[in-house]
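What follows is work-v2.cif (mmCIF, C-alpha atoms).
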data_work
#
loop_
_atom_site.label_atom_id
_atom_site.label_comp_id
_atom_site.auth_asym_id
_atom_site.auth_seq_id
_atom_site.Cartn_x
_atom_site.Cartn_y
_atom_site.Cartn_z
CA MET N 52 12.91 -1.28 -13.20
CA PRO N 53 10.22 0.71 -15.05
CA GLY N 54 11.24 3.44 -17.44
CA LYS N 55 11.23 7.20 -16.98
CA LEU N 56 7.99 8.47 -15.43
CA GLY N 57 5.42 10.11 -17.70
CA ILE N 58 1.95 11.40 -16.77
CA ILE N 59 -0.84 11.85 -19.31
CA ALA N 60 -3.88 13.69 -18.01
CA LEU N 61 -6.85 13.60 -20.36
CA GLU N 62 -8.95 16.75 -20.52
CA SER N 63 -11.42 15.17 -18.10
CA ALA N 64 -8.68 14.89 -15.45
CA TRP N 65 -6.50 17.85 -16.47
CA THR N 66 -6.95 19.88 -13.27
CA ALA N 67 -6.09 16.93 -11.03
CA GLY N 68 -3.25 15.93 -13.37
CA LYS N 69 -1.57 19.32 -13.03
CA LYS N 70 -1.76 19.18 -9.23
CA ILE N 71 -0.45 15.61 -9.09
CA ASN N 72 2.40 16.54 -11.44
CA ALA N 73 3.28 19.53 -9.22
CA ILE N 74 3.44 17.28 -6.14
CA LEU N 75 5.66 14.74 -7.91
CA SER N 76 7.83 17.56 -9.26
CA GLU N 77 8.31 18.83 -5.70
CA TRP N 78 9.35 15.37 -4.54
CA ARG N 79 11.69 14.74 -7.47
CA GLY N 80 13.72 17.86 -7.85
CA GLY N 81 11.51 20.05 -10.02
CA LYS N 82 11.08 17.72 -13.00
CA ASP N 83 7.98 18.03 -15.18
CA PHE N 84 6.32 14.70 -15.95
CA LEU N 85 3.22 15.88 -17.85
CA ILE N 86 2.98 14.78 -21.48
CA PRO N 87 0.58 17.00 -23.46
CA VAL N 88 -2.14 15.19 -25.43
CA GLN N 89 -5.18 16.20 -27.46
CA CYS N 90 -8.36 14.55 -28.69
CA PRO N 91 -9.56 16.89 -31.48
CA ARG N 92 -12.90 16.16 -33.11
CA PHE N 93 -14.22 16.29 -36.65
CA GLY N 94 -17.54 17.92 -37.51
CA THR N 95 -19.24 14.51 -37.31
CA GLY N 96 -18.28 14.16 -33.65
CA GLU N 97 -15.59 11.57 -34.39
CA ALA N 98 -12.19 12.13 -32.80
CA LYS N 99 -8.56 11.06 -32.74
CA GLY N 100 -5.90 10.91 -30.03
CA VAL N 101 -2.67 12.89 -30.43
CA ILE N 102 0.43 12.72 -28.20
CA THR N 103 2.78 15.64 -28.73
CA GLU N 104 6.04 14.05 -27.52
CA SER N 105 7.69 10.65 -27.45
CA VAL N 106 6.64 8.02 -24.90
CA ARG N 107 9.20 5.44 -26.01
CA GLY N 108 10.54 3.46 -23.06
CA ARG N 109 8.59 5.48 -20.49
CA ASP N 110 6.44 4.36 -17.57
CA ILE N 111 3.16 6.04 -18.50
CA TYR N 112 0.28 6.84 -16.13
CA ILE N 113 -2.92 7.93 -17.90
CA LEU N 114 -5.44 9.82 -15.75
CA VAL N 115 -9.10 9.86 -16.82
CA ASP N 116 -12.30 10.99 -15.09
CA VAL N 117 -15.23 9.29 -16.78
CA CYS N 118 -17.65 11.25 -14.56
CA ASN N 119 -16.64 14.71 -15.78
CA SER N 120 -19.98 16.02 -17.02
CA ALA N 121 -18.75 19.59 -17.58
CA LEU N 122 -16.98 18.96 -20.91
CA THR N 123 -18.71 19.39 -24.27
CA TYR N 124 -17.96 18.96 -27.97
CA LYS N 125 -19.60 19.93 -31.25
CA MET N 126 -21.39 17.38 -33.41
CA ASP N 127 -23.06 18.51 -36.61
CA GLY N 128 -23.05 22.06 -35.27
CA ALA N 129 -24.79 21.14 -32.01
CA ILE N 130 -23.23 21.06 -28.54
CA ASN N 131 -23.03 17.62 -26.93
CA ARG N 132 -22.08 16.98 -23.33
CA MET N 133 -19.40 14.30 -22.92
CA SER N 134 -20.72 11.10 -21.39
CA PRO N 135 -18.73 8.36 -19.63
CA ASP N 136 -18.78 6.52 -22.98
CA ASP N 137 -17.08 9.49 -24.66
CA HIS N 138 -14.41 9.71 -21.97
CA PHE N 139 -13.67 5.99 -22.25
CA GLN N 140 -13.31 6.27 -26.03
CA ASP N 141 -10.82 9.13 -25.59
CA LEU N 142 -8.84 6.98 -23.16
CA LYS N 143 -8.59 4.22 -25.77
CA ARG N 144 -7.52 6.75 -28.40
CA ILE N 145 -4.60 7.90 -26.25
CA ILE N 146 -3.58 4.32 -25.45
CA SER N 147 -3.65 3.61 -29.19
CA ALA N 148 -1.55 6.73 -29.88
CA CYS N 149 1.15 5.33 -27.57
CA ASN N 150 1.56 2.79 -30.37
CA GLY N 151 3.15 0.11 -28.20
CA LYS N 152 6.23 2.26 -27.55
CA ALA N 153 5.76 2.83 -23.79
CA GLU N 154 7.62 0.55 -21.39
CA ARG N 155 4.49 0.21 -19.26
CA ILE N 156 1.00 1.76 -19.27
CA THR N 157 -1.03 2.23 -16.10
CA VAL N 158 -4.56 3.63 -16.28
CA VAL N 159 -5.62 5.72 -13.27
CA MET N 160 -9.43 5.64 -13.40
CA PRO N 161 -10.76 6.70 -9.96
CA PHE N 162 -14.40 5.92 -10.82
CA LEU N 163 -14.32 2.54 -12.54
CA TYR N 164 -16.19 2.91 -15.84
CA GLU N 165 -19.41 0.82 -15.96
CA SER N 166 -18.70 -0.50 -12.46
CA ARG N 167 -22.41 -0.40 -11.63
CA GLN N 168 -23.08 -2.92 -14.40
CA HIS N 169 -20.91 -5.50 -12.67
CA ARG N 170 -23.09 -8.59 -12.87
CA ARG N 171 -25.48 -10.20 -15.30
CA ILE N 172 -29.13 -10.84 -14.46
CA LEU N 173 -30.99 -12.62 -17.25
CA ARG N 174 -30.31 -11.08 -20.71
CA GLU N 175 -28.00 -8.19 -19.84
CA SER N 176 -24.64 -6.92 -20.97
CA LEU N 177 -21.64 -7.33 -18.67
CA ASP N 178 -20.09 -3.95 -19.39
CA CYS N 179 -17.47 -3.61 -16.66
CA ALA N 180 -15.83 -6.94 -17.47
CA MET N 181 -15.84 -6.11 -21.17
CA MET N 182 -14.21 -2.75 -20.48
CA LEU N 183 -11.45 -4.26 -18.36
CA GLN N 184 -10.69 -6.95 -20.93
CA GLU N 185 -10.60 -4.34 -23.69
CA LEU N 186 -7.95 -2.37 -21.80
CA GLU N 187 -5.95 -5.54 -21.22
CA ASN N 188 -6.09 -6.40 -24.93
CA MET N 189 -4.85 -2.90 -25.78
CA GLY N 190 -1.68 -3.48 -23.76
CA VAL N 191 -2.52 -1.81 -20.43
CA ASP N 192 -0.35 -3.33 -17.68
CA GLU N 193 -2.17 -2.09 -14.59
CA ILE N 194 -5.37 -0.33 -13.55
CA ILE N 195 -5.68 1.87 -10.46
CA THR N 196 -9.19 2.60 -9.25
CA PHE N 197 -10.78 3.74 -5.99
CA ASP N 198 -13.45 2.01 -3.96
CA ALA N 199 -14.75 -0.09 -6.85
CA HIS N 200 -18.48 -0.80 -6.69
CA ASP N 201 -17.64 -4.51 -6.79
CA PRO N 202 -13.91 -5.30 -6.41
CA ARG N 203 -14.52 -8.84 -7.69
CA MET N 204 -14.51 -7.35 -11.19
CA GLN N 205 -10.73 -7.74 -11.14
CA CYS N 206 -11.36 -11.45 -11.70
CA ALA N 207 -12.13 -10.51 -15.32
CA ILE N 208 -8.44 -9.60 -15.83
CA PRO N 209 -6.40 -12.00 -13.67
CA LEU N 210 -3.18 -11.57 -15.68
CA ILE N 211 -2.68 -7.79 -15.22
CA GLY N 212 -2.49 -5.59 -12.14
CA PHE N 213 -5.60 -4.15 -10.52
CA GLU N 214 -5.29 -1.86 -7.49
CA ASN N 215 -8.56 -1.07 -5.72
CA VAL N 216 -7.51 1.75 -3.41
CA SER N 217 -9.40 2.85 -0.29
CA PRO N 218 -9.51 6.57 0.64
CA ALA N 219 -10.34 5.55 4.22
CA LEU N 220 -7.33 7.39 5.67
CA GLN N 221 -8.30 10.66 3.99
CA PHE N 222 -11.90 10.28 5.20
CA THR N 223 -10.69 9.65 8.73
CA GLN N 224 -8.43 12.71 8.67
CA SER N 225 -11.22 14.90 7.29
CA LEU N 226 -13.78 13.67 9.83
CA LEU N 227 -11.53 14.11 12.85
CA SER N 228 -10.32 17.50 11.60
CA GLU N 229 -13.89 18.73 11.04
CA TYR N 230 -15.17 17.62 14.47
CA ASP N 231 -13.23 18.00 17.70
CA ASP N 232 -15.99 16.65 19.96
CA LEU N 233 -16.50 13.10 18.66
CA LYS N 234 -16.52 10.42 21.35
CA ILE N 235 -14.99 7.36 19.75
CA ASP N 236 -16.58 4.47 21.59
CA SER N 237 -19.53 2.14 21.10
CA LYS N 238 -21.82 4.21 23.34
CA HIS N 239 -21.50 7.36 21.26
CA LEU N 240 -20.50 6.42 17.70
CA MET N 241 -21.70 3.89 15.14
CA PHE N 242 -20.84 3.16 11.51
CA ILE N 243 -23.78 2.44 9.21
CA SER N 244 -23.87 0.49 5.96
CA PRO N 245 -26.71 1.77 3.73
CA ASP N 246 -27.00 -1.64 2.02
CA GLU N 247 -25.42 -5.08 1.87
CA GLY N 248 -22.86 -4.03 -0.75
CA ALA N 249 -21.23 -1.47 1.54
CA MET N 250 -20.65 -3.82 4.47
CA ASP N 251 -16.98 -4.55 3.77
CA ARG N 252 -15.87 -0.92 3.90
CA THR N 253 -18.15 -0.23 6.89
CA VAL N 254 -16.79 -3.16 8.92
CA PHE N 255 -13.23 -2.12 8.02
CA MET N 256 -13.72 1.42 9.34
CA ALA N 257 -15.77 0.40 12.39
CA THR N 258 -13.14 -2.14 13.42
CA LEU N 259 -10.37 0.47 13.30
CA PHE N 260 -12.49 2.95 15.28
CA GLY N 261 -13.46 0.20 17.76
CA VAL N 262 -17.22 0.79 17.43
CA ASN N 263 -20.23 -1.23 16.31
CA VAL N 264 -21.88 -1.60 12.89
CA GLY N 265 -25.48 -1.21 11.75
CA MET N 266 -26.85 -2.12 8.34
CA PHE N 267 -29.86 -1.28 6.20
CA TYR N 268 -31.00 -3.68 3.56
CA LYS N 269 -33.10 -2.67 0.60
CA ARG N 270 -36.47 -4.40 0.30
CA ARG N 271 -37.31 -4.37 -3.40
CA ASP N 272 -40.36 -5.09 -5.52
CA TYR N 273 -39.02 -7.85 -7.76
CA SER N 274 -42.27 -8.01 -9.72
CA THR N 275 -41.65 -4.54 -11.19
CA VAL N 276 -38.84 -3.06 -13.26
CA VAL N 277 -38.30 0.73 -13.44
CA ASP N 278 -35.38 2.10 -15.51
CA GLY N 279 -33.87 -1.37 -15.65
CA MET N 280 -34.01 -1.94 -11.88
CA ASN N 281 -36.37 -3.32 -9.26
CA PRO N 282 -37.59 -0.32 -7.21
CA VAL N 283 -36.76 -0.11 -3.50
CA ILE N 284 -39.88 -0.36 -1.31
CA ALA N 285 -38.24 0.26 2.05
CA HIS N 286 -34.96 0.27 3.98
CA GLU N 287 -34.96 -2.21 6.87
CA PHE N 288 -32.43 -1.78 9.72
CA CYS N 289 -30.32 -4.45 11.41
CA GLY N 290 -28.41 -3.36 14.51
CA GLU N 291 -28.56 -2.17 18.10
CA SER N 292 -30.12 0.99 19.49
CA LEU N 293 -29.12 4.25 17.80
CA GLU N 294 -30.44 6.53 20.52
CA GLY N 295 -28.17 9.56 20.90
CA LYS N 296 -25.34 8.13 18.82
CA ASP N 297 -23.45 9.93 16.08
CA CYS N 298 -23.84 7.83 12.91
CA VAL N 299 -21.39 7.69 9.99
CA VAL N 300 -22.98 6.32 6.81
CA LEU N 301 -20.45 4.86 4.35
CA ASP N 302 -20.94 4.15 0.64
CA ASP N 303 -18.91 4.17 -2.55
CA MET N 304 -21.03 6.84 -4.27
CA ILE N 305 -23.91 9.25 -3.99
CA SER N 306 -25.71 9.16 -7.33
CA SER N 307 -29.16 10.72 -7.07
CA GLY N 308 -28.84 10.56 -3.28
CA GLY N 309 -32.31 9.16 -2.68
CA SER N 310 -31.08 6.10 -0.78
CA MET N 311 -28.71 8.11 1.41
CA LEU N 312 -31.41 10.60 2.37
CA ASP N 313 -33.86 7.80 3.13
CA VAL N 314 -31.25 6.16 5.36
CA ALA N 315 -30.65 9.49 7.14
CA GLN N 316 -34.37 9.86 7.75
CA GLN N 317 -34.58 6.32 9.14
CA LEU N 318 -31.61 6.99 11.44
CA LYS N 319 -33.23 10.13 12.82
CA LYS N 320 -36.49 8.27 13.42
CA ARG N 321 -34.50 5.83 15.55
CA GLY N 322 -33.06 8.61 17.69
CA ALA N 323 -29.64 9.08 16.11
CA GLY N 324 -27.61 12.17 16.97
CA ARG N 325 -25.53 13.65 14.15
CA VAL N 326 -25.71 11.88 10.79
CA LEU N 327 -22.55 12.13 8.69
CA MET N 328 -22.44 10.80 5.13
CA PHE N 329 -19.22 9.51 3.55
CA ALA N 330 -19.06 8.61 -0.15
CA THR N 331 -15.96 8.31 -2.32
CA PHE N 332 -17.77 9.79 -5.33
CA GLY N 333 -20.32 12.60 -5.13
CA LEU N 334 -22.25 12.53 -8.42
CA PHE N 335 -25.48 14.26 -7.33
CA THR N 336 -27.11 13.42 -10.65
CA ASN N 337 -30.47 14.91 -9.59
CA GLY N 338 -29.06 18.16 -8.28
CA PHE N 339 -28.91 19.45 -4.71
CA GLU N 340 -32.45 20.57 -3.91
CA LYS N 341 -33.34 17.46 -1.90
CA PHE N 342 -30.09 17.66 0.08
CA ASP N 343 -30.63 21.35 0.82
CA LYS N 344 -34.12 20.60 2.12
CA ALA N 345 -32.98 17.60 4.17
CA TYR N 346 -30.16 19.67 5.70
CA GLU N 347 -32.59 22.43 6.67
CA GLU N 348 -34.82 19.79 8.28
CA GLY N 349 -31.87 18.50 10.30
CA LEU N 350 -31.74 15.03 8.75
CA PHE N 351 -27.96 15.11 8.36
CA ASP N 352 -25.00 17.21 9.44
CA ARG N 353 -22.31 16.82 6.75
CA VAL N 354 -21.61 15.09 3.44
CA PHE N 355 -17.99 14.13 2.72
CA THR N 356 -16.89 13.13 -0.80
CA THR N 357 -13.46 13.13 -2.46
CA ASN N 358 -12.10 15.29 -5.27
CA LEU N 359 -11.21 12.18 -7.29
CA ILE N 360 -13.86 13.14 -9.85
CA TYR N 361 -15.24 16.42 -11.18
CA GLN N 362 -16.89 18.48 -8.45
CA LYS N 363 -19.71 20.77 -9.47
CA PRO N 364 -18.94 24.39 -8.42
CA GLU N 365 -22.36 24.70 -6.82
CA MET N 366 -21.62 21.72 -4.59
CA LEU N 367 -18.41 23.25 -3.24
CA GLU N 368 -20.41 26.22 -1.92
CA LYS N 369 -22.88 24.15 0.12
CA LYS N 370 -22.73 24.59 3.90
CA TRP N 371 -23.28 20.89 4.38
CA TYR N 372 -20.53 19.74 2.01
CA CYS N 373 -16.92 18.87 2.87
CA SER N 374 -14.40 18.04 0.12
CA VAL N 375 -11.79 15.37 0.88
CA GLY N 376 -8.53 16.06 -0.98
CA VAL N 377 -6.85 12.98 -2.45
CA ASN N 378 -4.37 14.39 -5.01
CA ARG N 379 -1.36 13.88 -2.74
CA TYR N 380 -2.48 10.29 -2.15
CA VAL N 381 -2.68 9.60 -5.89
CA ALA N 382 0.77 11.15 -6.35
CA ALA N 383 2.18 8.86 -3.63
CA ILE N 384 0.68 5.81 -5.36
CA ILE N 385 2.19 6.77 -8.73
CA ASP N 386 5.55 7.58 -7.12
CA ARG N 387 5.75 4.25 -5.33
CA MET N 388 4.59 2.20 -8.32
CA ASN N 389 7.12 3.89 -10.58
CA LYS N 390 9.88 3.04 -8.11
CA GLY N 391 8.68 -0.55 -7.84
CA GLU N 392 8.08 -0.28 -4.10
CA PRO N 393 5.44 -2.16 -2.02
CA MET N 394 1.87 -0.79 -2.09
CA ALA N 395 0.09 -2.63 0.72
CA ASP N 396 0.16 0.16 3.32
CA LEU N 397 -1.11 2.71 0.76
CA VAL N 398 -3.94 0.60 -0.62
CA ARG N 399 -5.17 -0.51 2.82
CA PRO N 400 -3.77 2.02 5.33
CA ALA N 401 -5.08 0.39 8.51
CA ALA N 402 -2.03 1.17 10.68
CA LYS N 403 -2.01 4.87 9.73
CA ILE N 404 -5.73 5.18 10.45
CA LYS N 405 -5.32 3.65 13.91
CA ASP N 406 -2.41 5.97 14.67
CA PHE N 407 -4.50 9.00 13.62
CA ILE N 408 -7.42 7.88 15.82
CA GLU N 409 -5.16 7.36 18.83
CA LEU N 410 -3.66 10.83 18.32
CA TYR N 411 -7.19 12.30 18.18
CA LYS N 412 -8.19 10.58 21.40
CA LYS N 413 -5.18 12.00 23.22
#
Would you mind writing the file out in structure tokens?
Amino acid sequence: MPGKLGIIALESAWTAGKKINAILSEWRGGKDFLIPVQCPRFGTGEAKGVITESVRGRDIYILVDVCNSALTYKMDGAINRMSPDDHFQDLKRIISACNGKAERITVVMPFLYESRQHRRILRESLDCAMMLQELENMGVDEIITFDAHDPRMQCAIPLIGFENVSPALQFTQSLLSEYDDLKIDSKHLMFISPDEGAMDRTVFMATLFGVNVGMFYKRRDYSTVVDGMNPVIAHEFCGESLEGKDCVVLDDMISSGGSMLDVAQQLKKRGAGRVLMFATFGLFTNGFEKFDKAYEEGLFDRVFTTNLIYQKPEMLEKKWYCSVGVNRYVAAIIDRMNKGEPMADLVRPAAKIKDFIELYKK
């Protein structure tokens, strides 16, 4: 059996770490599992990892949010905002500070670092695979992530554990709690994949809801490269009539949001009713102005994203935004892994989703 449970929450995931620790403490008789750590920096911007108590023989879970853009540090007297690269370096520093003394190390990284650079086209780096192999070489035993951009990346580390967890149950609960008038049948509801890459999660949800699937595919200009990518010319739709149907658009993330808003516009042009957007990670890298305008124009009804990563305070105040809480889910995963119990029903909670849908219908 694994050793005594220990939770390390890096500064990027400190708020979530405290809540997860409180949940586990409630379940386990009031024990405190948080191990304080620091990553102080020198004037040059360099840093070191410091663990303030022993981790010898413990089952350590390290929480990191590589998307936390709110943290800063000083470098040569100037203020720098922490990037995903900085957060990943801090993670490695803390793993190094464990000094091989922990019984087992599990990294909980909800947004998989460099997951969007998951394949090589011509002369490109393969960053996600390199990151995973680096963690393996440092002695990490398992990685827990959510809704990975391409779950096949686990093939880069076949000898250690890799749990790609779906927050589908939490999305279902939030959707059916927010709306009490959804008609769950093929005449009134449809799940939409905004591109080819999101089809797996869309088919999974649509099958459980017992409704049909539609898909957009991105038509690109492969003769042009803008910011390292071929620009999207248009979104083409594959599927049956959308007239009057509520449409749920599923994706792993909303980055700038341009693709999601274009899909919403295309759905409305085809006669869709309410347009609901689900994304595990809400980055909103270009701000909220376009979403505010699209909401006022009636292009969509709600945006649901989880609290697995840093949520900008401004976003939480938007009328069109709904936050999906996942801290209790993460705590359950850590609890079960520490006890060495099966994970299948947590990672892919199909039965629980169906039960929740049936309860809603009644």
field: Test item: the PyMOL selection byres ((chain N and resi 256) around 12) resolved as a VMD selection string
entry: chain N and resid 217 to 223 240 to 244 249 to 255 257 to 264 299 to 302 329 399 to 402 404 to 405 408
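Restricting the calculation to only C-alpha atoms, the smallest distance between Leu163 of chain N and any of N:Leu318, N:Ile195, N:Leu85, N:Leu210 is found for N:Ile195.
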Could you give me, as a tab-separated table, every segment 199-295 of chain N residue with an atom at most 10 Å from segment 169-178 of chain N, plus its closest atom pair and distance in Å to one decimal, counting all atoms listed in the file, rows ordered by chain then number?
residue	atom	partner	partner_atom	distance
N:His200	CA	N:His169	CA	8.0
N:Asp201	CA	N:His169	CA	6.8
N:Pro202	CA	N:His169	CA	9.4
N:Arg203	CA	N:His169	CA	8.8
N:Met204	CA	N:His169	CA	6.8
N:Gly279	CA	N:Glu175	CA	9.9
Only C-alpha atoms, please: the residues just picked out, written as a PDB file, in the frame of the given file.
ATOM      1  CA  HIS N 200     -18.480  -0.800  -6.690  1.00  0.00           C
ATOM      2  CA  ASP N 201     -17.640  -4.510  -6.790  1.00  0.00           C
ATOM      3  CA  PRO N 202     -13.910  -5.300  -6.410  1.00  0.00           C
ATOM      4  CA  ARG N 203     -14.520  -8.840  -7.690  1.00  0.00           C
ATOM      5  CA  MET N 204     -14.510  -7.350 -11.190  1.00  0.00           C
ATOM      6  CA  GLY N 279     -33.870  -1.370 -15.650  1.00  0.00           C
TER       7      GLY N 279
END
message: For a quick check of understanding, using all atoms listed in the file, which of N:Asp83, N:Glu97, N:Glu154, N:Glu214 has the smallest distance to Asp110 of chain N?
response: N:Glu154
message: Taking (-5.0, -0.9, -13.2) in the coordinates of the supplied file, I want to know which residues reach to within 6 Å of it, counting only C-alpha atoms; could you give the answer as number ranges by chain?
response: N: 157-158, 193-195, 212-214
message: So, with only C-alpha atoms as the atoms that count, which of N:Gln224, N:Gln362, N:Asn215, N:Asn337 lies closest to Ser63 of chain N?
response: N:Gln362
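Distance-wise, atom CA of Ala153 of chain N and atom CA of Ser105 of chain N end up 8.8 Å apart.
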